[in-house]
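K.L.:
Okay, here's the structure, questions in a sec.
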Amino acid sequence: MAENQLQVIIKQSAEVTKNVASIKTDITNAIQENNVSLQNCINAGEALLAQSGEMTDELDAQIASFIKKASVTQKAMTERRKGVTQVFDLVKSGFTKMEALLDKKSEDSIIYKLQKKRDEYAAYKLDLQRKAEAERQRLARIEAAKTQLHDDVISICNKIVNEKTSEALDKLSEKFRLMTLDNAEQVKKEISEYPTEIKIATFLSDRKPSVSPEVDPEEARQIMNAAYREVNEQLSKSFTDSVAQTKQDILDTFDSKIAELQEIKKTADEAERKRKEAELKAAEEAAEKERQAKAEEEKKKREEEERLRKAQSQTQQLFDQTPTVAAPVKAKVSHRIEIDAPEGYLAIIQMWWAHEGSKMSLEDLAKKLGFMTKTCEKLKNKEDLAIIDEHVIYVEEIAAK
């Protein structure tokens with residue numbers, strides 16, 4: 001490619017020389033100087049391009065310096081061209097073609113190619129920086145996840161011991177609270193033999209914390225084991241001390257609890273004795289009252305029988321003396337209601353509801369009492385008077401006007 005560009009330069013130089021052979025010496029000099037500048041610049045650029053296979057910071061700086069110098073060279077060449085504007089139409093094409101070979105926007109320009117190398121190298125370095133930052137963030141996340149995993153295991157171990165300690169203390173207290181004189185020895189044995197050891201790992205296996213997928217499983221296992229070993233001894237001792245102390249406190253008060261139960265039993269037995277005595281006395285008094293009542297009833301019965309006997313005797317005597325009369329008239333007696341005040345209807349409604357209305361279905365009640373419902377709806381819609389009752393529900397009906 002470099003050889004082709006040199007051939008183009010030589011050809012363009014020959015064309016320019018041919019076209020301006022008849023002009024002043026300064027035009028010839030300008031062409032020669034521009035030709036020398038262009039060749040030197042291209043040769044230097046080609047040399048840098050040949051080294052750009054493996055870019056380095058030093059080479060990148062050299063290329064940047066060259067591009068700046070090439071821009072200065074291009075400006076100098078342009079300035080020389082301006083001195084010969086009187087023959088512009090003859091040499092314009094040759095000059096502009098030579099200038100184009102140093103135009104950084106032209107894909108055929110050595111400057112464009114070198115700049116492209118710089119751009120590719122800059123993109124490569126930026127990609128390396130981004131990858132390095134992504135890796136740094138990934139490693140930071142992993143470290144944070146490891147720390148969180150360590151803290152989670154310790155937190156779970158603490159929760160396990162707190163829960164199991166509370167559970168053990170509650171069981172011991174419940175056993176002591178429910179102790180009676182009959183089961184006292186059994187309760188004392190159970191409290192004395194209640195275990196004071198705890199295997200935290202047994203419960204931890206069912207409550208493992210979540211692990212970030214970025215943490216290696218084997219490393220995660222080691223972190224959890226290390227965290228467990230870090231607190232196991234201290235937490236196990238805490239459980240043992242708490243349970244053992246509670247057991248001892250209960251056993252220390254065991255005898256006083258027995259004495260208390262015995263006193264309670266004594267009091268209860270005395271109360272039961274008095275209750276039975278009172279019941280027996282009440283039964284005897286009730287039996288005596290019943291006996292007296294029966295005696296009184298027998299007395300009244302005899303007196304009533306004597307009165308009836310005398311009445312029958314007197315009736316018979318009257319019957320014997322009284323002439324025969326006609327048989328009584330058979331007649332049906334019925335009643336009708338007259339209301340002398342509005343409040344009377346309230347009593348009628350109450351009796352109707354008690355004996356008939358309360359036994360009817362909602363559908364039948366709606367048919368019979370619908371006029372009342374309509375009246376209540378009007379009161380709500382016009383005067384906002386509502387019935388306050390859990391069985392009365394106002395449902396909104398919305399109609400567009």
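As shown in the structure tokens, the chain order sets the letters A, B, ...; within each chain, residues go from 1, and ligands are also counted from 1 in the order they appear.
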Neighbouring residues of A:Ile258 were defined as those with any atom within 12 Å, considering only C-alpha atoms; residues of the same chain fewer than 6 positions away were excluded. Please report them as a PDB file with C-alpha atoms, in the first residue's frame.

P.N.:
ATOM      1  CA  PHE A 176     -42.969 -27.109  88.703  1.00  0.00           C
ATOM      2  CA  ARG A 177     -46.199 -25.128  88.376  1.00  0.00           C
ATOM      3  CA  MET A 179     -46.701 -30.269  90.480  1.00  0.00           C
ATOM      4  CA  THR A 180     -49.065 -31.884  92.983  1.00  0.00           C
ATOM      5  CA  LEU A 181     -48.488 -33.943  96.112  1.00  0.00           C
ATOM      6  CA  ASP A 182     -49.255 -37.066  94.085  1.00  0.00           C
ATOM      7  CA  ASN A 183     -46.678 -36.433  91.319  1.00  0.00           C
ATOM      8  CA  ALA A 184     -44.092 -34.498  93.343  1.00  0.00           C
ATOM      9  CA  GLU A 185     -41.444 -37.237  93.278  1.00  0.00           C
ATOM     10  CA  VAL A 187     -41.636 -34.030  88.874  1.00  0.00           C
ATOM     11  CA  LYS A 188     -38.513 -33.749  91.015  1.00  0.00           C
ATOM     12  CA  ILE A 250     -36.483 -24.840  91.374  1.00  0.00           C
ATOM     13  CA  LEU A 251     -34.960 -27.646  93.436  1.00  0.00           C
ATOM     14  CA  ASP A 252     -33.990 -25.142  96.143  1.00  0.00           C
ATOM     15  CA  ILE A 264     -53.392 -26.010 100.438  1.00  0.00           C
ATOM     16  CA  LYS A 265     -54.576 -29.628 100.671  1.00  0.00           C
TER      17      LYS A 265
END

K.L.:
I'd like the neighbourhood of A:Lys171 as number ranges by chain, where a residue qualifies if any of its atoms comes within 12 Å (using only C-alpha atoms), though same-chain residues fewer than 4 positions away should be ignored.

P.N.:
A: 164-167, 175-178, 187, 190-191, 194-195, 243, 246-247, 250

K.L.:
Have a look at A:Leu261, A:Ala47, A:Val36, A:Ile160 and name the one nearest to A:Leu204; count only C-alpha atoms.

P.N.:
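So, comparing all the options, the nearest one is A:Ile160.
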
K.L.:
As an exercise, work out the distance from atom CA of A:His150 to atom CA of A:Ala244 in Å and give it to one decimal place.

P.N.:
29.8 Å

K.L.:
Considering only alpha helix (DSSP H) as DSSP defines it on the backbone, what residues of stretch 194-329 of chain A qualify? List them as a PyMOL selection string.

P.N.:
chain A and resi 200-204+217-252+254-321

K.L.:
Write out as an MDAnalysis selection string which residues come within 12 Å of A:Ala61 when counting only C-alpha atoms, dropping same-chain ones fewer than 6 positions away.

P.N.:
chainID A and resid 48 52 55 67:68 114:115 118 121:122

K.L.:
Using only C-alpha atoms, determine which residues lie at most 12 Å from A:Ala64, disregarding the query and same-chain residues fewer than 4 positions distant; provide the list as a list in words.

P.N.:
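What passes the distance filter is Gly45, Leu48, Asp57, Glu58, Leu59, Asp60, Lys68, Lys69, Ala70, Ser71, Ile111, Leu114, Gln115, Lys116, Lys117, Arg118 and Asp119 of chain A.
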
K.L.:
Output N, CA and C atoms for every residue in the selection just made, as a PDB file, in the first residue's frame.

P.N.:
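Produced file out-v1.pdb, reproduced below:
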ATOM      1  N   GLY A  45       5.100   8.368   8.798  1.00  0.00           N
ATOM      2  CA  GLY A  45       3.824   7.742   9.180  1.00  0.00           C
ATOM      3  C   GLY A  45       3.828   6.249   8.903  1.00  0.00           C
ATOM      4  N   LEU A  48       5.669   4.439  11.570  1.00  0.00           N
ATOM      5  CA  LEU A  48       4.843   4.267  12.795  1.00  0.00           C
ATOM      6  C   LEU A  48       3.763   3.219  12.586  1.00  0.00           C
ATOM      7  N   ASP A  57       1.754   2.447  25.265  1.00  0.00           N
ATOM      8  CA  ASP A  57       1.522   3.847  25.638  1.00  0.00           C
ATOM      9  C   ASP A  57       2.553   4.758  24.965  1.00  0.00           C
ATOM     10  N   GLU A  58       3.804   4.276  24.866  1.00  0.00           N
ATOM     11  CA  GLU A  58       4.868   5.088  24.256  1.00  0.00           C
ATOM     12  C   GLU A  58       4.593   5.297  22.769  1.00  0.00           C
ATOM     13  N   LEU A  59       4.219   4.199  22.062  1.00  0.00           N
ATOM     14  CA  LEU A  59       3.934   4.305  20.637  1.00  0.00           C
ATOM     15  C   LEU A  59       2.712   5.178  20.396  1.00  0.00           C
ATOM     16  N   ASP A  60       1.713   5.035  21.285  1.00  0.00           N
ATOM     17  CA  ASP A  60       0.504   5.867  21.165  1.00  0.00           C
ATOM     18  C   ASP A  60       0.864   7.336  21.263  1.00  0.00           C
ATOM     19  N   LYS A  68       0.027  15.544  15.137  1.00  0.00           N
ATOM     20  CA  LYS A  68       0.084  16.989  15.309  1.00  0.00           C
ATOM     21  C   LYS A  68       1.068  17.618  14.307  1.00  0.00           C
ATOM     22  N   LYS A  69       2.257  16.985  14.163  1.00  0.00           N
ATOM     23  CA  LYS A  69       3.265  17.500  13.221  1.00  0.00           C
ATOM     24  C   LYS A  69       2.761  17.404  11.786  1.00  0.00           C
ATOM     25  N   ALA A  70       2.047  16.332  11.454  1.00  0.00           N
ATOM     26  CA  ALA A  70       1.510  16.175  10.096  1.00  0.00           C
ATOM     27  C   ALA A  70       0.506  17.274   9.805  1.00  0.00           C
ATOM     28  N   SER A  71      -0.274  17.636  10.818  1.00  0.00           N
ATOM     29  CA  SER A  71      -1.244  18.722  10.633  1.00  0.00           C
ATOM     30  C   SER A  71      -0.515  20.024  10.354  1.00  0.00           C
ATOM     31  N   ILE A 111      -2.835   9.380   7.743  1.00  0.00           N
ATOM     32  CA  ILE A 111      -3.275   9.968   9.012  1.00  0.00           C
ATOM     33  C   ILE A 111      -4.540   9.256   9.504  1.00  0.00           C
ATOM     34  N   LEU A 114      -3.580   5.851  10.839  1.00  0.00           N
ATOM     35  CA  LEU A 114      -2.930   5.930  12.150  1.00  0.00           C
ATOM     36  C   LEU A 114      -3.927   6.320  13.248  1.00  0.00           C
ATOM     37  N   GLN A 115      -4.843   7.266  12.914  1.00  0.00           N
ATOM     38  CA  GLN A 115      -5.838   7.680  13.897  1.00  0.00           C
ATOM     39  C   GLN A 115      -6.766   6.510  14.250  1.00  0.00           C
ATOM     40  N   LYS A 116      -7.093   5.693  13.229  1.00  0.00           N
ATOM     41  CA  LYS A 116      -7.932   4.522  13.462  1.00  0.00           C
ATOM     42  C   LYS A 116      -7.249   3.557  14.427  1.00  0.00           C
ATOM     43  N   LYS A 117      -5.910   3.409  14.257  1.00  0.00           N
ATOM     44  CA  LYS A 117      -5.158   2.559  15.180  1.00  0.00           C
ATOM     45  C   LYS A 117      -5.242   3.107  16.609  1.00  0.00           C
ATOM     46  N   ARG A 118      -5.123   4.433  16.727  1.00  0.00           N
ATOM     47  CA  ARG A 118      -5.223   5.041  18.062  1.00  0.00           C
ATOM     48  C   ARG A 118      -6.613   4.826  18.659  1.00  0.00           C
ATOM     49  N   ASP A 119      -7.643   4.985  17.788  1.00  0.00           N
ATOM     50  CA  ASP A 119      -9.020   4.812  18.280  1.00  0.00           C
ATOM     51  C   ASP A 119      -9.255   3.372  18.750  1.00  0.00           C
TER      52      ASP A 119
END

K.L.:
From the options A:Leu169, A:Met360, A:Ala287, A:Ile200, which residue's atoms come nearest to A:Asp249, counting only C-alpha atoms?

P.N.:
A:Leu169
